[in-house]
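Reviewing the structure listed below.
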Protein chains: 2
Amino acid sequence: MVEEQDERILAELQKDGRATNQQLAETVGMSTSACWRRVRALEEAGVISGYSALVARERAGFATSAILHVSLERHDVKFVDEFVARVMQRREVLECFATTGDADYHLRVVVRDMDAYNRFLDEFMFRIPGIRHVRTNVILKEIKTGVALPF
Amino acid sequence: MVEEQDERILAELQKDGRATNQQLAETVGMSTSACWRRVRALEEAGVISGYSALVARERAGFATSAILHVSLERHDVKFVDEFVARVMQRREVLECFATTGDADYHLRVVVRDMDAYNRFLDEFMFRIPGIRHVRTNVILKEIKTGVALPF
DNA sequence: GCTATATTTGGTAATATCTACCAAATTGGA
DNA sequence: TCCAATTTGGTAGATATTACCAAATATAGC
C-alpha cells in the first residue's frame with residue numbers, strides 16, 4: 001500500500017513539513033503534479049494525519065516534564081474508559097501508552113514549572129477514580145524528542 | 001520573550017503546521033506581514049525548531065513499539081556520552097529521556113515488527129557498553145501521541 | 001503476446017500565496 | 001512631552017498551488 005516512492009515523500013515531509021511541493025517533487029524525483037497528487041492521497045488515506053510546527057519546549061516556557069507510571073485498581077471497561085477519556089482531554093498529557101510491565105500506563109506530561117506539576121497531580125491525576133498507583137519520573141534531560149518514523 | 005500573540009501563533013502552527021500565512025494571520029488577528037515576520041522571528045530564535053508531517057505509525061507499517069527502562073552500570077561521563085551518542089544516531093529510538101526514578105533513561109522505540117525489535121535489542125541495545133539493565137514495556141495501545149505544547 | 005481498460009504521469013495556466021520593501025503607527029525611555 | 005526604536009499594515013513582483021488534459025504506463029483477461 002505505502003510503497004517506495006511514498007516512503008520517500010513521507011520521510012521528506014517528516015524532515016520538513018513545510019517543504020514546497022516543488023522542492024518535494026525534486027527531492028523524490030517526480031513531476032510536481034504527480035508528487036502533489038500522491039501527497040494528497042496520503043493525506044486522504046490518513047497516512048499523513050496532520051502537520052505540526054515543532055516548538056522548543058524550554059524556549060516556549062515549559063521548564064518541567066515527567067514520565068508517569070500509572071496503574072489502575074481494576075481493569076473494568078468502566079474504569080479504563082473513564083481514565084482514557086480524562087487523559088485525552090488534559091493537554092498537559094502529551095503522550096499516553098498502555099503498556100506491558102509493572103505499570104498499566106506510561107504518560108508524558110509537560111508543564112510550565114514544578115508548581116504546575118503539583119497542581120496537575122492534585123487537581124487531576126489523584127482525582128481520577130480507580131487509580132492504584134502513580135509514580136513520577138521527572139525528566140532531567142531530553143536526550144532526544146523525535147517524531148519521525150524510521151523509514 | 002514569547003508573549004500572548006506569539007503563543008497564539010505557536011498554538012495554531014502546532015495544530016496546523018501547513019496553515020498558510022494568510023489563514024494564520026486571520027486566526028490570530030493581525031496583518032499578513034506582521035504575522036509573517038513574527039513567525040520568521042520565532043523560527044530564527046529557535047522557538048519553532050522545525051515543521052513535520054505527522055505520520056500514522058500503524059498505517060505506515062510500524063506495528064510494534066515499546067518503552068524501555070534503561071539503567072547504566074556506571075555514570076562516568078565516558079559511559080554516559082557513549083550511550084547518548086549511540087542512542088542519538090539510532091532512528092528507531094524516537095525519544096530518550098534521562099529521568100529520576102528506578103531507571104536512568106526512558107526510551108520510546110518504534111519498529112516494523114517484533115522481529116525487528118528483537119534485532120534492535122540484540123544488535124544495538126545489548127551491545128552498548130556499561131548497560132546494567134534494560135526492561136522492555138511493549139506498547140499495547142497508543143492512547144495519545146501528541147506533540148503540541150499546552151499553551 | 002496482444003488488446004482493452006484503468007491508473008498514473010507530466011505539462012500547463014489560472015489562481016492563490018509568499019515575502020521584501022515602504023511609509024505610517026505604536027511603543028518605551030529620558 | 002518628545003525622540004528614537006520598534007512594530008505595524010499595505011503593496012507588488014516573484015513564487016507556488018492546484019485543477020485540468022492528453023500522453024504514457026501499468027493491469028487484467030483472453
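Note on naming: chains are A, B, ... as they come in the C-alpha cells, residues start from 1 per chain, ligands start from 1 in the order shown.
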| Residues of chain B within 6 Å of chain A, using only C-alpha atoms, as a PyMOL selection string? | chain B and resi 13-17+47-56+59+91-92+94-101+137-146+150
What are the coordinates of chain B as an mmCIF file with C-alpha atoms, in the first residue's frame following a least-squares fit to chain A on all in-order C-alpha atoms?
```
data_model
loop_
_atom_site.group_PDB
_atom_site.id
_atom_site.type_symbol
_atom_site.label_atom_id
_atom_site.label_comp_id
_atom_site.auth_asym_id
_atom_site.auth_seq_id
_atom_site.Cartn_x
_atom_site.Cartn_y
_atom_site.Cartn_z
ATOM 1 C CA MET B 1 -0.006 -0.013 0.040
ATOM 2 C CA VAL B 2 2.602 2.556 1.124
ATOM 3 C CA GLU B 3 5.355 1.941 -1.374
ATOM 4 C CA GLU B 4 8.895 3.035 -2.142
ATOM 5 C CA GLN B 5 8.131 6.475 -3.549
ATOM 6 C CA ASP B 6 5.512 7.210 -0.909
ATOM 7 C CA GLU B 7 8.059 6.422 1.782
ATOM 8 C CA ARG B 8 10.464 8.902 0.231
ATOM 9 C CA ILE B 9 7.744 11.521 0.358
ATOM 10 C CA LEU B 10 6.850 10.681 3.952
ATOM 11 C CA ALA B 11 10.478 10.727 5.038
ATOM 12 C CA GLU B 12 10.985 14.116 3.452
ATOM 13 C CA LEU B 13 7.788 15.623 4.846
ATOM 14 C CA GLN B 14 8.740 14.356 8.290
ATOM 15 C CA LYS B 15 12.047 16.207 7.964
ATOM 16 C CA ASP B 16 10.465 19.338 6.538
ATOM 17 C CA GLY B 17 6.736 19.560 6.900
ATOM 18 C CA ARG B 18 6.659 22.857 5.077
ATOM 19 C CA ALA B 19 8.710 21.849 2.070
ATOM 20 C CA THR B 20 7.033 23.260 -1.020
ATOM 21 C CA ASN B 21 5.583 20.772 -3.425
ATOM 22 C CA GLN B 22 8.270 21.772 -5.905
ATOM 23 C CA GLN B 23 11.139 21.063 -3.511
ATOM 24 C CA LEU B 24 9.485 17.806 -2.540
ATOM 25 C CA ALA B 25 8.950 16.725 -6.136
ATOM 26 C CA GLU B 26 12.582 17.437 -6.900
ATOM 27 C CA THR B 27 14.005 15.562 -3.880
ATOM 28 C CA VAL B 28 11.899 12.471 -4.518
ATOM 29 C CA GLY B 29 12.383 12.729 -8.270
ATOM 30 C CA MET B 30 8.991 13.171 -9.857
ATOM 31 C CA SER B 31 6.898 15.839 -11.479
ATOM 32 C CA THR B 32 5.192 18.395 -9.293
ATOM 33 C CA SER B 33 1.746 17.227 -10.280
ATOM 34 C CA ALA B 34 2.406 13.538 -9.654
ATOM 35 C CA CYS B 35 4.045 14.376 -6.351
ATOM 36 C CA TRP B 36 1.234 16.654 -5.325
ATOM 37 C CA ARG B 37 -1.369 13.993 -6.014
ATOM 38 C CA ARG B 38 0.514 11.382 -3.996
ATOM 39 C CA VAL B 39 0.787 13.719 -1.028
ATOM 40 C CA ARG B 40 -2.917 14.432 -1.284
ATOM 41 C CA ALA B 41 -3.655 10.688 -1.434
ATOM 42 C CA LEU B 42 -1.508 10.060 1.648
ATOM 43 C CA GLU B 43 -3.392 12.773 3.496
ATOM 44 C CA GLU B 44 -6.789 11.431 2.473
ATOM 45 C CA ALA B 45 -5.815 7.879 3.369
ATOM 46 C CA GLY B 46 -4.843 9.158 6.804
ATOM 47 C CA VAL B 47 -1.237 8.041 6.435
ATOM 48 C CA ILE B 48 -0.332 11.665 6.941
ATOM 49 C CA SER B 49 -2.564 12.566 9.872
ATOM 50 C CA GLY B 50 -1.548 16.206 10.017
ATOM 51 C CA TYR B 51 1.246 18.724 10.100
ATOM 52 C CA SER B 52 2.736 20.478 13.075
ATOM 53 C CA ALA B 53 5.253 23.108 13.981
ATOM 54 C CA LEU B 54 7.760 21.640 16.413
ATOM 55 C CA VAL B 55 8.147 24.046 19.301
ATOM 56 C CA ALA B 56 11.241 24.041 21.540
ATOM 57 C CA ARG B 57 9.739 23.156 24.910
ATOM 58 C CA GLU B 58 12.080 25.103 27.133
ATOM 59 C CA ARG B 59 12.239 28.210 24.927
ATOM 60 C CA ALA B 60 8.466 28.328 24.927
ATOM 61 C CA GLY B 61 8.400 28.404 28.711
ATOM 62 C CA PHE B 62 7.707 24.784 29.661
ATOM 63 C CA ALA B 63 10.500 24.014 32.081
ATOM 64 C CA THR B 64 9.168 20.855 33.679
ATOM 65 C CA SER B 65 8.222 17.472 32.309
ATOM 66 C CA ALA B 66 7.870 13.973 33.638
ATOM 67 C CA ILE B 67 7.104 10.401 32.718
ATOM 68 C CA LEU B 68 4.399 8.875 34.890
ATOM 69 C CA HIS B 69 3.870 5.188 35.519
ATOM 70 C CA VAL B 70 0.199 4.713 36.267
ATOM 71 C CA SER B 71 -1.622 1.586 37.405
ATOM 72 C CA LEU B 72 -5.338 1.108 37.849
ATOM 73 C CA GLU B 73 -7.050 -0.717 40.741
ATOM 74 C CA ARG B 74 -9.366 -2.569 38.448
ATOM 75 C CA HIS B 75 -9.436 -3.045 34.717
ATOM 76 C CA ASP B 76 -13.163 -2.995 34.065
ATOM 77 C CA VAL B 77 -14.068 -1.106 30.905
ATOM 78 C CA LYS B 78 -15.808 1.393 33.121
ATOM 79 C CA PHE B 79 -12.614 2.491 34.867
ATOM 80 C CA VAL B 80 -10.448 2.172 31.800
ATOM 81 C CA ASP B 81 -12.785 4.261 29.664
ATOM 82 C CA GLU B 82 -13.026 6.921 32.340
ATOM 83 C CA PHE B 83 -9.255 7.069 32.663
ATOM 84 C CA VAL B 84 -8.733 7.282 28.911
ATOM 85 C CA ALA B 85 -11.418 9.942 28.497
ATOM 86 C CA ARG B 86 -9.893 12.140 31.188
ATOM 87 C CA VAL B 87 -6.364 11.745 29.920
ATOM 88 C CA MET B 88 -7.431 12.578 26.366
ATOM 89 C CA GLN B 89 -8.758 15.975 27.255
ATOM 90 C CA ARG B 90 -5.925 17.034 29.517
ATOM 91 C CA ARG B 91 -3.502 18.967 27.349
ATOM 92 C CA GLU B 92 -0.516 18.660 29.693
ATOM 93 C CA VAL B 93 -0.536 14.938 28.885
ATOM 94 C CA LEU B 94 1.280 14.859 25.588
ATOM 95 C CA GLU B 95 1.528 11.098 25.379
ATOM 96 C CA CYS B 96 -0.216 8.139 26.946
ATOM 97 C CA PHE B 97 0.500 4.481 26.214
ATOM 98 C CA ALA B 98 -0.990 1.300 27.586
ATOM 99 C CA THR B 99 1.968 -0.976 28.204
ATOM 100 C CA THR B 100 3.054 -4.377 29.445
ATOM 101 C CA GLY B 101 5.243 -4.399 32.534
ATOM 102 C CA ASP B 102 4.751 -3.140 36.062
ATOM 103 C CA ALA B 103 2.691 -0.101 35.121
ATOM 104 C CA ASP B 104 -0.514 -0.183 33.109
ATOM 105 C CA TYR B 105 0.174 3.174 31.479
ATOM 106 C CA HIS B 106 3.098 5.404 30.643
ATOM 107 C CA LEU B 107 2.292 9.113 30.374
ATOM 108 C CA ARG B 108 4.473 12.035 29.366
ATOM 109 C CA VAL B 109 3.384 15.275 30.962
ATOM 110 C CA VAL B 110 4.688 18.772 30.150
ATOM 111 C CA VAL B 111 4.043 21.832 32.315
ATOM 112 C CA ARG B 112 5.489 25.303 32.900
ATOM 113 C CA ASP B 113 7.049 24.577 36.306
ATOM 114 C CA MET B 114 7.075 22.235 39.274
ATOM 115 C CA ASP B 115 4.234 24.127 40.845
ATOM 116 C CA ALA B 116 2.061 23.465 37.844
ATOM 117 C CA TYR B 117 3.062 19.813 38.018
ATOM 118 C CA ASN B 118 2.005 19.602 41.626
ATOM 119 C CA ARG B 119 -1.350 21.104 40.706
ATOM 120 C CA PHE B 120 -1.630 18.643 37.831
ATOM 121 C CA LEU B 121 -1.261 15.749 40.270
ATOM 122 C CA ASP B 122 -3.554 17.135 42.965
ATOM 123 C CA GLU B 123 -6.287 18.520 40.792
ATOM 124 C CA PHE B 124 -6.258 15.973 38.021
ATOM 125 C CA MET B 125 -4.342 12.758 38.402
ATOM 126 C CA PHE B 126 -5.189 11.915 42.022
ATOM 127 C CA ARG B 127 -8.870 12.568 41.374
ATOM 128 C CA ILE B 128 -9.238 10.021 38.619
ATOM 129 C CA PRO B 129 -11.280 7.141 40.051
ATOM 130 C CA GLY B 130 -9.773 3.675 40.209
ATOM 131 C CA ILE B 131 -6.109 4.686 40.242
ATOM 132 C CA ARG B 132 -3.930 2.289 42.234
ATOM 133 C CA HIS B 133 -0.562 3.884 41.869
ATOM 134 C CA VAL B 134 1.158 6.861 40.233
ATOM 135 C CA ARG B 135 4.944 7.025 40.084
ATOM 136 C CA THR B 136 6.556 10.221 38.826
ATOM 137 C CA ASN B 137 9.841 10.058 36.945
ATOM 138 C CA VAL B 138 10.976 13.645 36.468
ATOM 139 C CA ILE B 139 12.706 14.251 33.160
ATOM 140 C CA LEU B 140 16.198 15.537 33.949
ATOM 141 C CA LYS B 141 17.252 15.880 30.342
ATOM 142 C CA GLU B 142 15.674 15.415 26.951
ATOM 143 C CA ILE B 143 18.239 13.445 25.016
ATOM 144 C CA LYS B 144 16.008 13.065 21.998
ATOM 145 C CA THR B 145 12.447 14.031 21.152
ATOM 146 C CA GLY B 146 11.743 12.836 17.672
ATOM 147 C CA VAL B 147 8.529 12.417 15.745
ATOM 148 C CA ALA B 148 9.878 10.951 12.505
ATOM 149 C CA LEU B 149 9.246 7.263 11.865
ATOM 150 C CA PRO B 150 12.434 5.442 10.785
ATOM 151 C CA PHE B 151 11.716 4.733 7.110
#
```
At a cut-off of 9 Å, which residues of chain C touch chain B? Count only C-alpha atoms (C1' of nucleotides) and give the answer as a short mmCIF file (atom, residue, chain, number, x, y, z; two decimals) with N, CA and C atoms (P, O5', C5', C4', C3', O3' and C1' of nucleotides), in the first residue's frame.
```
data_model
loop_
_atom_site.label_atom_id
_atom_site.label_comp_id
_atom_site.auth_asym_id
_atom_site.auth_seq_id
_atom_site.Cartn_x
_atom_site.Cartn_y
_atom_site.Cartn_z
P DT C 17 -4.80 31.53 -0.66
"O5'" DT C 17 -3.20 31.71 -0.64
"C5'" DT C 17 -2.38 30.58 -0.80
"C4'" DT C 17 -0.94 31.02 -0.86
"C3'" DT C 17 -0.50 31.89 0.34
"O3'" DT C 17 0.44 31.16 1.09
"C1'" DT C 17 0.30 32.75 -1.74
P DC C 18 1.13 31.82 2.37
"O5'" DC C 18 2.53 32.33 1.77
"C5'" DC C 18 3.26 31.44 0.96
"C4'" DC C 18 4.49 32.12 0.36
"C3'" DC C 18 5.43 32.78 1.36
"O3'" DC C 18 6.75 32.52 0.89
"C1'" DC C 18 4.73 34.38 -0.22
P DT C 19 7.97 32.54 1.96
"O5'" DT C 19 8.48 34.05 1.85
"C5'" DT C 19 9.12 34.45 0.63
"C4'" DT C 19 9.23 35.95 0.58
"C3'" DT C 19 9.77 36.62 1.86
"O3'" DT C 19 10.75 37.54 1.47
"C1'" DT C 19 7.90 37.74 1.09
#
```
| said: Under the rule that only C-alpha atoms (C1' of nucleotides) are counted, which of D:DA4, D:DT18, D:DT27, D:DG9 is the nearest residue to chain B? | reply: D:DG9
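Interatomic distance, C1' of DT6 (chain D) against C1' of DT26 (chain C): 8.3 Å.
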| DSSP-assigned helix (DSSP H, G or I) among chain A, expressed as a PyMOL selection string | chain A and resi 4-15+21-28+32-44+77-88+114-127
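Closest to chain A among D:DC20, D:DC30, D:DC3, D:DA12 is D:DC20, based on only C-alpha atoms (C1' of nucleotides).
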Apply DSSP to the backbone of this structure and, from chain A, keep only the residues in strand (DSSP E or B); write these as a tab-separated table (two decimals) with C-alpha atoms, in the first residue's frame.
```tsv
chain	number	residue	atom	x	y	z
A	48	ILE	CA	-0.33	11.66	6.92
A	49	SER	CA	-2.55	12.54	9.86
A	50	GLY	CA	-1.53	16.18	10.01
A	51	TYR	CA	1.27	18.69	10.10
A	52	SER	CA	2.75	20.43	13.08
A	53	ALA	CA	5.26	23.08	13.99
A	54	LEU	CA	7.77	21.61	16.43
A	55	VAL	CA	8.15	24.01	19.31
A	64	THR	CA	9.16	20.86	33.68
A	65	SER	CA	8.21	17.48	32.32
A	66	ALA	CA	7.87	13.97	33.66
A	67	ILE	CA	7.11	10.41	32.74
A	68	LEU	CA	4.40	8.88	34.91
A	69	HIS	CA	3.86	5.21	35.56
A	70	VAL	CA	0.20	4.72	36.29
A	71	SER	CA	-1.62	1.59	37.44
A	72	LEU	CA	-5.34	1.12	37.89
A	93	VAL	CA	-0.54	14.93	28.89
A	94	LEU	CA	1.30	14.86	25.59
A	95	GLU	CA	1.55	11.08	25.39
A	96	CYS	CA	-0.20	8.13	26.96
A	97	PHE	CA	0.51	4.47	26.24
A	98	ALA	CA	-0.99	1.29	27.61
A	99	THR	CA	1.97	-0.99	28.22
A	105	TYR	CA	0.18	3.18	31.50
A	106	HIS	CA	3.11	5.40	30.67
A	107	LEU	CA	2.30	9.12	30.38
A	108	ARG	CA	4.47	12.04	29.38
A	109	VAL	CA	3.38	15.28	30.97
A	110	VAL	CA	4.69	18.76	30.17
A	111	VAL	CA	4.04	21.83	32.33
A	131	ILE	CA	-6.10	4.71	40.26
A	132	ARG	CA	-3.93	2.31	42.25
A	133	HIS	CA	-0.56	3.90	41.89
A	134	VAL	CA	1.16	6.87	40.25
A	135	ARG	CA	4.94	7.05	40.12
A	136	THR	CA	6.55	10.23	38.85
A	137	ASN	CA	9.84	10.07	36.97
A	138	VAL	CA	10.96	13.65	36.49
A	139	ILE	CA	12.70	14.26	33.18
A	140	LEU	CA	16.19	15.55	33.97
A	141	LYS	CA	17.25	15.89	30.37
A	142	GLU	CA	15.69	15.43	26.98
A	143	ILE	CA	18.25	13.46	25.04
A	144	LYS	CA	16.03	13.07	22.02
A	145	THR	CA	12.46	14.03	21.16
```
Where does chain D meet chain B within 10 Å, residue by residue, with the nearest atom pair and distance in Å to one decimal for each, counting only C-alpha atoms (C1' of nucleotides), listed by chain and rising number, as a tab-separated table?
```
residue	atom	partner	partner_atom	distance
D:DT7	C1'	B:Ala34	CA	7.9
D:DT8	C1'	B:Ala34	CA	6.4
D:DG9	C1'	B:Ser31	CA	6.1
D:DG10	C1'	B:Ser33	CA	8.9
```
Could those selected residues go to a file with N, CA and C atoms (P, O5', C5', C4', C3', O3' and C1' of nucleotides), as a short mmCIF file (atom, residue, chain, number, x, y, z; two decimals), in the first residue's frame?
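See result38.cif below for the written result:
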```
data_model
loop_
_atom_site.label_atom_id
_atom_site.label_comp_id
_atom_site.auth_asym_id
_atom_site.auth_seq_id
_atom_site.Cartn_x
_atom_site.Cartn_y
_atom_site.Cartn_z
P DT D 7 10.05 44.74 17.88
"O5'" DT D 7 8.61 45.09 17.28
"C5'" DT D 7 7.65 45.72 18.11
"C4'" DT D 7 6.48 46.18 17.25
"C3'" DT D 7 5.97 45.10 16.28
"O3'" DT D 7 4.59 44.90 16.52
"C1'" DT D 7 6.28 47.17 15.18
P DT D 8 3.75 43.90 15.68
"O5'" DT D 8 2.98 44.82 14.63
"C5'" DT D 8 2.04 45.81 15.10
"C4'" DT D 8 1.65 46.71 13.94
"C3'" DT D 8 1.04 45.96 12.76
"O3'" DT D 8 -0.37 46.01 12.86
"C1'" DT D 8 2.61 47.66 12.06
P DG D 9 -1.25 45.03 11.97
"O5'" DG D 9 -1.42 45.81 10.60
"C5'" DG D 9 -2.05 47.08 10.59
"C4'" DG D 9 -1.99 47.67 9.19
"C3'" DG D 9 -2.60 46.78 8.09
"O3'" DG D 9 -3.39 47.60 7.24
"C1'" DG D 9 -0.33 47.27 7.56
P DG D 10 -4.15 47.02 5.99
"O5'" DG D 10 -3.25 47.52 4.76
"C5'" DG D 10 -2.94 48.92 4.64
"C4'" DG D 10 -2.13 49.15 3.38
"C3'" DG D 10 -2.60 48.39 2.14
"O3'" DG D 10 -2.58 49.28 1.02
"C1'" DG D 10 -0.32 47.85 2.58
#
```
| note | re C1' of DA19 (chain D) and C1' of DA16 (chain C): distance 13.0 Å
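Between C1' of DG1 (chain C) and C1' of DG29 (chain D) lies a distance of 12.4 Å.
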| query | For DA14 (chain D), which residue among C:DA30, C:DA25, C:DT3, C:DA20 is the nearest when counting only C-alpha atoms (C1' of nucleotides)? | reply | C:DA20
